[in-house]
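Report on the following structure.
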Amino acid sequence: MPSGVQSIISYEEEDDLQHQVNEAILACQDKQAQDVSVLELEKDSGAFTDYFVMCSGANPRQVQAIADAVDERSKRWACA
């Protein structure tokens, strides 16, 4: 495989990952989450993920609604 093809695939994967992170942030914001932040992990860390999207809510019911919204959007990503 030519080296240019590999880099294009990497960019596409990175764009998809960035899209997923952005969608998770939007899901949090749709449910009025507070203190939304993104933690990007080092690529060489051996972690099971590249990013953590973190936020807080005013009460347990709101936190559950936020989690459900992120889960719903992630299911749409898997089907797309």
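Ordered as shown in the structure tokens, chains take letters A, B, and onward, while each chain numbers its residues from 1 and ligands are numbered from 1 in the order shown.
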
Could you give me, as a PyMOL selection string, each residue of chain A that DSSP assigns to strand (DSSP E or B) when run on this structure's backbone? chain A and resi 34-40+51-56

Determine, counting only C-alpha atoms, which protein, DNA and RNA residues have an atom within 8 Å of an atom of A:Phe52; residues of the same chain fewer than 2 positions away are not included. Present the result as a PyMOL selection string. chain A and resi 38-41+49-50+54

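The space between atom CA of A:Cys55 and atom CA of A:Val36 spans 4.3 Å.
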
As a ChimeraX atom specification, please: every residue in chain A that a backbone DSSP assignment puts in alpha helix (DSSP H). /A:3-30,60-79

What does the distance between atom CA of A:Ala67 and atom CA of A:Lys31 come to in Å, to one decimal place?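 For atom CA of A:Ala67 relative to atom CA of A:Lys31, the distance reads 9.4 Å.
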
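Going from atom CA of A:Tyr51 over to atom CA of A:Gln20, you cover 10.0 Å.
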
Using only C-alpha atoms, which residues sit within 12 Å of A:Gly57 once same-chain residues fewer than 3 positions away are excluded, as number ranges by chain? A: 28-29, 31-36, 54, 60-67

Any chance you could export the current selection's all heavy atoms as a compact mmCIF listing (two decimals), in the first residue's frame?
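The resulting file, out_17.txt, is reproduced below:
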# COMPACT_ATOMS: atom_id res chain seq x y z
N CYS A 28 -24.19 16.41 25.57
CA CYS A 28 -24.09 16.95 26.92
C CYS A 28 -24.71 18.34 26.99
O CYS A 28 -25.49 18.65 27.91
CB CYS A 28 -22.63 17.03 27.38
SG CYS A 28 -21.83 15.44 27.61
N GLN A 29 -24.39 19.17 26.02
CA GLN A 29 -24.91 20.54 26.01
C GLN A 29 -26.42 20.57 25.82
O GLN A 29 -27.10 21.42 26.40
CB GLN A 29 -24.21 21.36 24.93
CG GLN A 29 -22.77 21.63 25.25
CD GLN A 29 -22.01 22.31 24.12
OE1 GLN A 29 -22.41 22.22 22.96
NE2 GLN A 29 -20.92 22.97 24.47
N LYS A 31 -28.50 18.66 27.04
CA LYS A 31 -29.13 18.35 28.33
C LYS A 31 -28.66 19.30 29.44
O LYS A 31 -28.77 19.00 30.62
CB LYS A 31 -28.86 16.90 28.73
CG LYS A 31 -29.45 15.90 27.77
CD LYS A 31 -30.96 16.04 27.70
CE LYS A 31 -31.56 15.05 26.72
NZ LYS A 31 -33.00 15.21 26.62
N GLN A 32 -28.11 20.45 29.04
CA GLN A 32 -27.65 21.49 29.96
C GLN A 32 -26.61 21.00 30.96
O GLN A 32 -26.63 21.36 32.15
CB GLN A 32 -28.82 22.15 30.69
CG GLN A 32 -29.68 23.05 29.84
CD GLN A 32 -30.66 22.27 28.98
OE1 GLN A 32 -31.24 21.30 29.43
NE2 GLN A 32 -30.83 22.70 27.74
N ALA A 33 -25.70 20.17 30.50
CA ALA A 33 -24.61 19.70 31.36
C ALA A 33 -23.74 20.88 31.76
O ALA A 33 -23.63 21.87 31.04
CB ALA A 33 -23.77 18.66 30.63
N GLN A 34 -23.12 20.76 32.91
CA GLN A 34 -22.24 21.81 33.42
C GLN A 34 -20.81 21.31 33.37
O GLN A 34 -20.54 20.11 33.43
CB GLN A 34 -22.62 22.15 34.86
CG GLN A 34 -24.05 22.61 35.01
CD GLN A 34 -24.52 22.58 36.45
OE1 GLN A 34 -23.82 22.11 37.33
NE2 GLN A 34 -25.72 23.08 36.68
N ASP A 35 -19.89 22.24 33.26
CA ASP A 35 -18.45 21.93 33.32
C ASP A 35 -18.03 20.85 32.33
O ASP A 35 -17.30 19.92 32.68
CB ASP A 35 -18.05 21.51 34.74
CG ASP A 35 -18.42 22.54 35.78
OD1 ASP A 35 -18.25 23.74 35.50
OD2 ASP A 35 -18.89 22.15 36.87
N VAL A 36 -18.47 20.96 31.09
CA VAL A 36 -18.10 19.99 30.07
C VAL A 36 -16.63 20.18 29.72
O VAL A 36 -16.18 21.29 29.45
CB VAL A 36 -18.97 20.14 28.79
CG1 VAL A 36 -18.54 19.14 27.73
CG2 VAL A 36 -20.44 19.98 29.13
N MET A 54 -16.13 14.63 29.91
CA MET A 54 -16.61 14.68 31.30
C MET A 54 -17.50 15.89 31.50
O MET A 54 -17.29 16.93 30.87
CB MET A 54 -15.43 14.74 32.26
CG MET A 54 -14.51 13.55 32.14
SD MET A 54 -13.04 13.69 33.17
CE MET A 54 -12.15 14.97 32.29
N PRO A 60 -29.09 13.73 40.16
CA PRO A 60 -28.95 12.41 39.52
C PRO A 60 -29.83 12.22 38.29
O PRO A 60 -29.41 11.57 37.33
CB PRO A 60 -29.34 11.44 40.64
CG PRO A 60 -29.04 12.17 41.90
CD PRO A 60 -29.36 13.61 41.60
N ARG A 61 -31.01 12.79 38.30
CA ARG A 61 -31.90 12.64 37.15
C ARG A 61 -31.31 13.32 35.91
O ARG A 61 -31.36 12.78 34.80
CB ARG A 61 -33.27 13.24 37.48
CG ARG A 61 -34.29 13.05 36.41
CD ARG A 61 -35.64 13.54 36.87
NE ARG A 61 -36.59 13.44 35.79
CZ ARG A 61 -37.81 13.89 35.84
NH1 ARG A 61 -38.25 14.49 36.94
NH2 ARG A 61 -38.61 13.77 34.82
N GLN A 62 -30.73 14.50 36.08
CA GLN A 62 -30.11 15.19 34.96
C GLN A 62 -28.87 14.43 34.47
O GLN A 62 -28.65 14.31 33.27
CB GLN A 62 -29.72 16.62 35.32
CG GLN A 62 -29.13 17.37 34.15
CD GLN A 62 -28.58 18.73 34.49
OE1 GLN A 62 -28.31 19.02 35.65
NE2 GLN A 62 -28.40 19.56 33.48
N VAL A 63 -28.08 13.91 35.38
CA VAL A 63 -26.89 13.15 35.00
C VAL A 63 -27.30 11.93 34.18
O VAL A 63 -26.67 11.61 33.16
CB VAL A 63 -26.07 12.74 36.24
CG1 VAL A 63 -24.96 11.78 35.88
CG2 VAL A 63 -25.51 13.98 36.94
N GLN A 64 -28.38 11.25 34.58
CA GLN A 64 -28.86 10.10 33.83
C GLN A 64 -29.35 10.52 32.45
O GLN A 64 -29.10 9.82 31.45
CB GLN A 64 -29.97 9.37 34.58
CG GLN A 64 -30.40 8.08 33.92
CD GLN A 64 -29.25 7.08 33.84
OE1 GLN A 64 -28.66 6.74 34.84
NE2 GLN A 64 -28.94 6.60 32.63
N ALA A 65 -30.02 11.66 32.35
CA ALA A 65 -30.50 12.16 31.05
C ALA A 65 -29.31 12.47 30.13
O ALA A 65 -29.37 12.20 28.92
CB ALA A 65 -31.37 13.39 31.25
N ILE A 66 -28.25 13.03 30.68
CA ILE A 66 -27.05 13.32 29.90
C ILE A 66 -26.44 12.02 29.39
O ILE A 66 -26.11 11.89 28.20
CB ILE A 66 -26.02 14.11 30.74
CG1 ILE A 66 -26.57 15.49 31.10
CG2 ILE A 66 -24.69 14.23 30.01
CD1 ILE A 66 -25.78 16.20 32.20
N ALA A 67 -26.29 11.05 30.28
CA ALA A 67 -25.71 9.76 29.89
C ALA A 67 -26.56 9.09 28.82
O ALA A 67 -26.02 8.53 27.85
CB ALA A 67 -25.57 8.86 31.11
